[in-house]
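Peer 1: The structure follows.
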Amino acid sequence: MAFVIAVAQQKGGAGKSTLASNLAVALLQGGKRVALLDTDPQASLTRWHSIRPETAPKLIFEAPSGWRVTGALDKLRRTTDFIVTDTPPHADTDSKIAIRAADLVLIPLQASLPDLWASEATIALAEAEKRLHRLVLNRLPASGRLRDVVMEELARRKTPVMAETLGNRSAFAAAFALGQGVTESAARSPAADEIRALAAALGMLKGK
Ligand SMILES: Nc1ncnc2c1ncn2[C@@H]1O[C@H](COP(=O)(O)OP(=O)(O)OP(=O)(O)O)[C@@H](O)[C@H]1O
Ligand SMILES: [Mg+2]
């Protein structure tokens with residue numbers, strides 16, 4: 001039975017599609033049966049998937065919208081280990097459907113207070129639906145005052161955060177442009193190490 005992960009964040013450009021594609025690829029390389037669903041009308045992942053090299057490991061890929069998202073998930077749940085769903089920005093119906101159907105909601109967050117404030121709606125939605133949810137700090141500076149301010153604010157709010165974080169790394173955009181994940185295009189990079197660590201941690205959450 002699949003573990004369904006919805007990657008959601010109403011703030012645009014937070015890293016949803018980057019996180020979804022890289023996680024899906026890392027889980028696939030780890031020998032899991034993985035489906036990736038693009039429910040965003042912007043269709044970033046559909047285009048990413050269309051340029052995936054012929055030789056790359058095959059993901060199950062679908063781009064359902066609206067009520068079809070639930071049907072696609074029901075169909076894939078029995079035959080896969082992980083389903084990763086990318087969602088549109090804005091708290092619209094499609095992201096609500098994906099959150100409702102998820103076992104885990106992953107919320108990428110760039111380290112700034114405006115980004116944190118903008119993510120409140122997504123966190124509230126996951127809480128309202130009683131879905132397990134975790135923030136994933138993305139483009140996190142290695143050090144500095146901003147990092148400390150955001151970490152302190154998250155700790156004060158007791159918002160659940162993955163211990164694994166992603167740095168601000170050009171390897172992510174480079175991999176995306178090739179239809180790949182960083183664990184394929186730059187397998188020995190720090191970006192790939194971060195994604196593999198996150199994928200391993202999600203495997204532990206699935207087991208719980
Ligand atoms: N960790 C990172 N390091 C460097 N660049 C990143 C990182 N994560 C995302 N980006 C870049 O930020 C931009 C936005 O990322 P992405 O498209 O994944 O966000 P999104 O949340 O899916 O956006 P949208 O809300 O429009 O769907 C892209 O150019 C991507 O390459
Ligand atoms: Mg996107």
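Lettering and numbering for the structure tokens are positional, with chains as A, B, ... in the shown order, residues counted from 1 in each chain, and ligands counted from 1 in the shown order.
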Set the cut-off to 9 Å, count only C-alpha atoms and all ligand atoms, and list whatever residues fall near ligand 1 as a PyMOL selection string.

Peer 2: chain A and resi 7-21+40+42-45+86-90+108+110+137-140+165-177+191

Peer 1: Could you list, as JSON, numbers by chain, every residue within 12 Å of Glu152 (chain A), counting only C-alpha atoms and ignoring same-chain residues fewer than 5 positions away?

Peer 2: {"A": [111, 112, 113, 116, 145, 146, 147, 157, 158, 159, 161]}

Peer 1: May I have the residues from that selection written out with C-alpha atoms, as a short mmCIF file (atom, residue, chain, number, x, y, z; two decimals), in the first residue's frame?

Peer 2:
```
data_model
loop_
_atom_site.label_atom_id
_atom_site.label_comp_id
_atom_site.auth_asym_id
_atom_site.auth_seq_id
_atom_site.Cartn_x
_atom_site.Cartn_y
_atom_site.Cartn_z
CA ALA A 111 13.82 30.75 5.35
CA SER A 112 12.11 34.12 5.70
CA LEU A 113 9.35 35.42 7.93
CA LEU A 116 6.60 31.48 7.07
CA ARG A 145 20.89 35.56 11.58
CA LEU A 146 17.96 34.82 9.24
CA ARG A 147 18.36 31.08 9.70
CA ARG A 157 5.22 27.74 17.40
CA LYS A 158 6.00 24.02 17.75
CA THR A 159 5.46 23.63 14.00
CA VAL A 161 9.80 20.44 10.80
#
```

Peer 1: Write down as JSON, numbers by chain the residues of chain A whose backbone DSSP state falls under strand (DSSP E).

Peer 2: {"A": [3, 4, 5, 6, 7, 34, 35, 36, 37, 38, 60, 61, 62, 82, 83, 84, 85, 86, 104, 105, 106, 107, 108, 109, 110, 132, 133, 134, 135, 136, 137, 138]}

Peer 1: Leaving out Ala192 (chain A) and any residue of its chain fewer than 4 positions from it, which residues lie within 7 Å of it when counting only C-alpha atoms, given as a ChimeraX atom specification?

Peer 2: /A:182-183,186-188,196

Peer 1: Go ahead and dump the residues you just picked, C-alpha atoms, as a compact mmCIF listing (two decimals), in the first residue's frame.

Peer 2:
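The result, stored in out_30.txt:
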```
# COMPACT_ATOMS: atom_id res chain seq x y z
CA VAL A 182 19.93 15.83 -8.55
CA THR A 183 20.62 12.23 -7.51
CA ALA A 186 24.85 15.25 -9.84
CA ALA A 187 24.85 12.08 -7.77
CA ARG A 188 27.85 13.10 -5.64
CA ARG A 196 18.79 11.11 -0.23
```

Peer 1: Tell me, as a VMD selection string, which residues lie within 9 Å of region 75-77 of chain A, counting only C-alpha atoms; anything in the same chain fewer than 6 positions away does not count.

Peer 2: chain A and resid 1 to 4 35 83

Peer 1: Nearest residue to Ala101 (chain A) out of A:Ile195, A:Ala6, A:Val34, A:Leu135, using only C-alpha atoms?

Peer 2: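 Selected residue with least distance to Ala101 (chain A): A:Ala6.
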
Peer 1: Pull the helix (DSSP H, G or I) assignments for region 69-181 of chain A out of DSSP run on the backbone, and list those residues as an NGL selection string.

Peer 2: :A and (69-77 or 93-100 or 113-118 or 120-128 or 145-157 or 170-177)

Peer 1: Which distance in Å separates CA of Arg100 (chain A) and CA of Glu129 (chain A), to one decimal?

Peer 2: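 According to the coordinates, CA of Arg100 (chain A) and CA of Glu129 (chain A) are separated by 6.0 Å.
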